[in-house]
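Student: Before I ask anything, here is the structure I am working with.
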Amino acid sequence: MAQLSDLEYLKLSKGRKIGYKLGRFFAGIPKAFANLGLKIWDVLKKGASAVGREVKDIITSFIQGDWKTKVSYLVMGFGCLARGQILRGLLFLLFEIVFIGYMVLSGGYWLSMMPSLGKVGPTEEYNEIYDVFVTKYNDNSFQILLYSVLTIFFIIAFIYTWRVNIRQSRMAEKILATGKRLKSGKEDLHSLTDESFHKTLLALPLTGIIIFTVLPIIFMILVAFTNYDGSHDGYISNLFHWVGMDNFNTLFSWKSANGTQSYAATFGEILSWTLMWAFFATFSNYFLGMFVAMAINKKGIKVKKLWRTILVMTIAIPQFISLLYVSKMFAKDGILNGFLLSMGWITKALPFWEDPIWARVTVIMINIWIGIPYLMLIATGILMNIPADLYESARIDGANPWQQYTRITLPYMLFITGPYLLTSFTGNMNNFNVIYLLTGGAPLNPAASSAAGNVGYTDLLITWLFKITTGADSKYYLASVVGILVFVVVALISLIVYNVLPSIKNEEDFQ
């Protein structure tokens with residue numbers, strides 16, 4: 001879409017202005033993807049350049065360094081110990097001893113087993129004492145994969161620590177060459193609570209992120225290349241092994257049997273509904289919550305605290321209770337249908353959970369009831385911080401309430417809550433509670449249910465993942481593939497939207 005000049009834009013009607021902005025937004029998506037690709041390529045180039053500099057520095061340090069530094073290439077911490085930095089030297093040396101001991105005792109075994117993920121599965125052996133055959137469990141594929149990944153992380157940590165050891169030794173050599181004194185162990189400990197205190201504080205959270213976030217993600221990605229499922233659990237039933245790209249080929253295959261829907265079509269259908277659900281669940285709550293907050297904050301409204309308390313009650317009640325109760329209310333034989341039938345307003349029960357369109361609209365409407373209180377509380381705090389002088393000036397200039405909302409309230413709210421909108425959208429894409437507790441994914445989609453997990457018309461990707469991993473089949477490998485694709489979709493949407501948010505692009509406007 002061609003870009004209009006400021007004068008041409010001002011001549012447009014309100015409807016055409018909105019259409020122009022939407023057109024510019026969608027037209028800019030390919031450019032945003034291109035810019036994202038360029039940024040990724042730039043990061044890769046910078047990473048390769050950094051690795052090259054590190055390798056060059058390692059070689060230079062070995063050539064130009066003294067004998068103490070050269071010995072540090074084999075015995076970590078030797079350079080520090082030889083120059084009187086006992087604490088640093090001992091820590092480096094201890095880490096090397098632990099690493100070598102781990103690799104000799106178990107790390108090498110786990111890495112050697114990683115290509116096969118186990119050689120001997122469960123076997124039946126005869127027990128002469130009890131005169132029966134008993135199952136003997138041998139290799140554990142799950143354990144092999146997990147500990148192999150941990151070992152690789154440990155090797156990366158060792159390489160990094162070895163590099164720091166070389167850098168520290170070379171740095172100490174240069175400091176002594178200038179006639180300066182090196183820091184003692186006591187001074188090193190003091191620096192951890194003073195100028196380097198930020199590193200001390202970040203050490204524990206960083207370790208937690210690596211163990212509880214990065215490691216599970218990498219493990220999930222690796223599972224996607226195996227046949228790990230209920231019949232190949234890796235220990236009790238059968239070993240699982242690598243299958244390459246077979247699982248991805250299965251998910252992206254358009255082939256179907258017996259008139260059923262293919263995996264690719266099923267994934268596309270669920271993804272489209274997930275995006276539709278996330279859009280309506282996010283923006284319906286956002287605007288309605290904002291309007292409720294504005295109505296309660298309006299001058300002349302009495303007992304404001306009471307209205308806020310009533311709305312907040314929906315937050316206080318656990319969703320496990322409230323949503324299951326609401327699910328029963330909207331059932332075919334529930335309270336709502338019973339009331340409407342008794343009043344004679346309908347002749348047959350409304351198919352809230354039986355018809356796909358009814359079910360999807362109903363879960364969106366119920367989600368509004370759940371989400372409005374959160375937005376009401378957020379909007380209340382923001383609205384109270386909008387200067388009253390802006391509204392007073394607008395009224396003097398003849399602005400009506402709608403103009404005040406579109407020119408003052410909404411821009412201010414969007415600027416402040418832009419990042420919240422993004423996180424709310426991604427959160428709704430993974431909103432397990434509302435869908436699972438209300439419908440469980442129902443009504444069933446007969447064409448797609450054979451793909452995996454008895455797919456329903458209201459299933460989101462997250463509830464489909466749950467169904468895939470439960471039951472007798474428990475196709476963990478397929479769930480991992482879907483999980484990777486969900487991560488890619490959410491990451492792309494987040495990166496694109498984040499870079500066009502007014503909060504990021506025009507950060508100085510409201511300062």
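Labels used: A, B, ... for chains in the order of the structure tokens, numbers from 1 for residues in each chain, and numbers from 1 for ligands as shown.
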Near range 355-371 of chain A, within 8 Å and counting only C-alpha atoms, which residues show up once chain neighbours fewer than 6 positions away are dropped, as a PyMOL selection string?

Tutor: chain A and resi 277+280-281+284-285+289+314-315+434-435+438-439+442-443+457-458

Student: Output N, CA, C and O atoms for every residue in that selection, as a compact mmCIF listing (two decimals), in the first residue's frame.

Tutor:
```txt
# COMPACT_ATOMS: atom_id res chain seq x y z
N TRP A 277 -9.20 -17.00 19.12
CA TRP A 277 -9.54 -16.97 20.55
C TRP A 277 -8.67 -15.94 21.29
O TRP A 277 -9.18 -15.15 22.08
N PHE A 280 -9.87 -12.24 20.40
CA PHE A 280 -11.12 -11.82 21.04
C PHE A 280 -11.01 -11.83 22.57
O PHE A 280 -11.53 -10.93 23.24
N ALA A 281 -10.33 -12.84 23.11
CA ALA A 281 -10.17 -12.91 24.57
C ALA A 281 -9.36 -11.74 25.10
O ALA A 281 -9.61 -11.25 26.21
N SER A 284 -11.50 -8.01 23.83
CA SER A 284 -12.81 -7.84 24.46
C SER A 284 -12.64 -7.51 25.93
O SER A 284 -13.30 -6.59 26.46
N ASN A 285 -11.76 -8.23 26.61
CA ASN A 285 -11.49 -7.93 28.02
C ASN A 285 -10.87 -6.54 28.19
O ASN A 285 -11.19 -5.81 29.14
N GLY A 289 -13.13 -3.95 30.00
CA GLY A 289 -12.58 -3.65 31.33
C GLY A 289 -12.27 -2.18 31.48
O GLY A 289 -12.50 -1.58 32.55
N THR A 314 -14.87 -12.29 41.41
CA THR A 314 -14.62 -13.34 40.41
C THR A 314 -13.16 -13.76 40.39
O THR A 314 -12.84 -14.87 39.97
N ILE A 315 -12.26 -12.86 40.81
CA ILE A 315 -10.84 -13.22 40.89
C ILE A 315 -10.59 -14.05 42.13
O ILE A 315 -9.78 -14.99 42.11
N VAL A 434 -9.41 -22.03 31.06
CA VAL A 434 -10.75 -21.67 30.61
C VAL A 434 -11.31 -22.73 29.68
O VAL A 434 -12.45 -23.20 29.85
N ILE A 435 -10.54 -23.13 28.68
CA ILE A 435 -11.03 -24.10 27.69
C ILE A 435 -11.21 -25.48 28.32
O ILE A 435 -12.26 -26.12 28.15
N LEU A 438 -14.11 -25.55 31.03
CA LEU A 438 -15.44 -25.27 30.50
C LEU A 438 -15.92 -26.37 29.55
O LEU A 438 -17.03 -26.89 29.69
N THR A 439 -15.11 -26.71 28.56
CA THR A 439 -15.57 -27.63 27.51
C THR A 439 -14.72 -28.88 27.38
O THR A 439 -15.17 -29.86 26.79
N ALA A 442 -14.57 -29.79 23.77
CA ALA A 442 -15.80 -30.18 23.08
C ALA A 442 -16.41 -28.97 22.34
O ALA A 442 -16.13 -27.82 22.68
N PRO A 443 -17.26 -29.24 21.35
CA PRO A 443 -17.68 -30.56 20.86
C PRO A 443 -16.61 -31.24 20.00
O PRO A 443 -15.76 -30.57 19.43
N TYR A 457 -13.66 -28.85 18.71
CA TYR A 457 -13.72 -27.57 18.02
C TYR A 457 -13.24 -26.40 18.88
O TYR A 457 -12.87 -25.36 18.36
N THR A 458 -13.25 -26.54 20.20
CA THR A 458 -12.78 -25.45 21.06
C THR A 458 -11.38 -25.70 21.61
O THR A 458 -10.90 -24.93 22.45
```

Student: Compare A:Phe330, A:Ile221, A:Tyr498, A:Pro446 by their minimum atom-to-atom distance to Ser480 in chain A, counting only C-alpha atoms, and give me the closest one.

Tutor: A:Ile221

Student: Could you make a table, as JSON lines, of the residues of range 270-298 of chain A that have an atom within 7 Å of an atom of range 461-467 of chain A, each with its nearest atom pair and distance in Å to one decimal, counting only C-alpha atoms, in chain and number order?

Tutor:
```
{"residue": "A:Ile270", "atom": "CA", "partner": "A:Leu461", "partner_atom": "CA", "distance": 6.2}
{"residue": "A:Leu271", "atom": "CA", "partner": "A:Leu461", "partner_atom": "CA", "distance": 6.5}
{"residue": "A:Thr274", "atom": "CA", "partner": "A:Leu461", "partner_atom": "CA", "distance": 6.6}
```

Student: Any chance you can output those residues with N, CA and C atoms as a CSV table (one decimal), in the first residue's frame?

Tutor:
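Wrote out-v1.csv, looks like this:
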```csv
chain,number,residue,atom,x,y,z
A,270,ILE,N,-6.6,-25.9,14.4
A,270,ILE,CA,-6.5,-25.5,15.8
A,270,ILE,C,-5.7,-24.2,15.9
A,271,LEU,N,-4.7,-24.0,15.1
A,271,LEU,CA,-3.9,-22.8,15.2
A,271,LEU,C,-4.8,-21.6,14.9
A,274,THR,N,-7.0,-20.9,17.7
A,274,THR,CA,-6.2,-20.4,18.8
A,274,THR,C,-5.9,-18.9,18.7
```

Student: One decimal, in Å: what's the spacing between CA of Ser262 in chain A and CA of Leu478 in chain A?

Tutor: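 Between these atoms lies a distance of 13.7 Å.
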
Student: Write out as an mmCIF file with N, CA, C and O atoms, in the first residue's frame each polymer residue whose atoms come within 7 Å of Leu93 in chain A, counting only C-alpha atoms; drop sequence neighbours fewer than 3 positions from it.

Tutor:
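This is the output file part33.cif:
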```
data_model
loop_
_atom_site.group_PDB
_atom_site.id
_atom_site.type_symbol
_atom_site.label_atom_id
_atom_site.label_comp_id
_atom_site.auth_asym_id
_atom_site.auth_seq_id
_atom_site.Cartn_x
_atom_site.Cartn_y
_atom_site.Cartn_z
ATOM 1 N N VAL A 75 46.604 -27.143 33.385
ATOM 2 C CA VAL A 75 46.238 -27.179 34.805
ATOM 3 C C VAL A 75 45.548 -25.860 35.131
ATOM 4 O O VAL A 75 46.201 -24.825 35.297
ATOM 5 N N MET A 76 44.231 -25.894 35.189
ATOM 6 C CA MET A 76 43.480 -24.662 35.430
ATOM 7 C C MET A 76 43.829 -24.083 36.795
ATOM 8 O O MET A 76 43.906 -24.812 37.791
ATOM 9 N N GLY A 77 44.032 -22.789 36.838
ATOM 10 C CA GLY A 77 44.329 -22.101 38.078
ATOM 11 C C GLY A 77 45.799 -22.052 38.432
ATOM 12 O O GLY A 77 46.181 -21.399 39.412
ATOM 13 N N GLY A 89 42.942 -19.518 42.179
ATOM 14 C CA GLY A 89 43.598 -20.710 41.646
ATOM 15 C C GLY A 89 42.958 -21.987 42.139
ATOM 16 O O GLY A 89 42.755 -22.930 41.368
ATOM 17 N N LEU A 90 42.628 -22.041 43.426
ATOM 18 C CA LEU A 90 42.013 -23.243 43.985
ATOM 19 C C LEU A 90 40.631 -23.498 43.384
ATOM 20 O O LEU A 90 40.259 -24.646 43.141
ATOM 21 N N GLU A 96 38.198 -28.046 37.671
ATOM 22 C CA GLU A 96 38.772 -28.973 36.695
ATOM 23 C C GLU A 96 38.783 -30.398 37.239
ATOM 24 O O GLU A 96 38.478 -31.349 36.498
ATOM 25 N N ILE A 97 39.103 -30.555 38.509
ATOM 26 C CA ILE A 97 39.125 -31.896 39.118
ATOM 27 C C ILE A 97 37.731 -32.510 39.103
ATOM 28 O O ILE A 97 37.543 -33.677 38.755
#
```

Student: Could you state the separation of CA of Val326 in chain A and CA of Ile378 in chain A in Å, given to one decimal place?

Tutor: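 For CA of Val326 in chain A relative to CA of Ile378 in chain A, the distance reads 25.3 Å.
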
Student: To one decimal place, how far is CA of Ser61 in chain A from CA of Ile175 in chain A in Å?

Tutor: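 Taking CA of Ser61 in chain A and CA of Ile175 in chain A, their separation equals 14.4 Å.
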
Student: Using DSSP on the backbone coordinates, identify all residues within range 174-285 of chain A classified as alpha helix (DSSP H); present the result as JSON, numbers by chain.

Tutor: {"A": [174, 175, 176, 177, 185, 186, 187, 188, 189, 190, 191, 192, 197, 198, 199, 200, 201, 202, 203, 204, 205, 206, 207, 208, 209, 215, 216, 217, 218, 219, 220, 221, 222, 223, 246, 247, 248, 249, 250, 251, 263, 264, 265, 266, 267, 268, 269, 270, 271, 272, 273, 274, 275, 276, 277, 278, 279, 280, 281, 282, 283, 284, 285]}

Student: Write out as an NGL selection string each polymer residue whose atoms come within 9 Å of range 386-390 of chain A, counting only C-alpha atoms; drop sequence neighbours fewer than 6 positions from it.

Tutor: :A and (404 or 408-409 or 412)

Student: Can you work out which one of A:Tyr476, A:Tyr436, A:Phe425, A:Phe252 has the shortest atom-to-atom distance to Phe267 in chain A, counting only C-alpha atoms?

Tutor: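 Closest to Phe267 in chain A, using only C-alpha atoms: A:Phe252.
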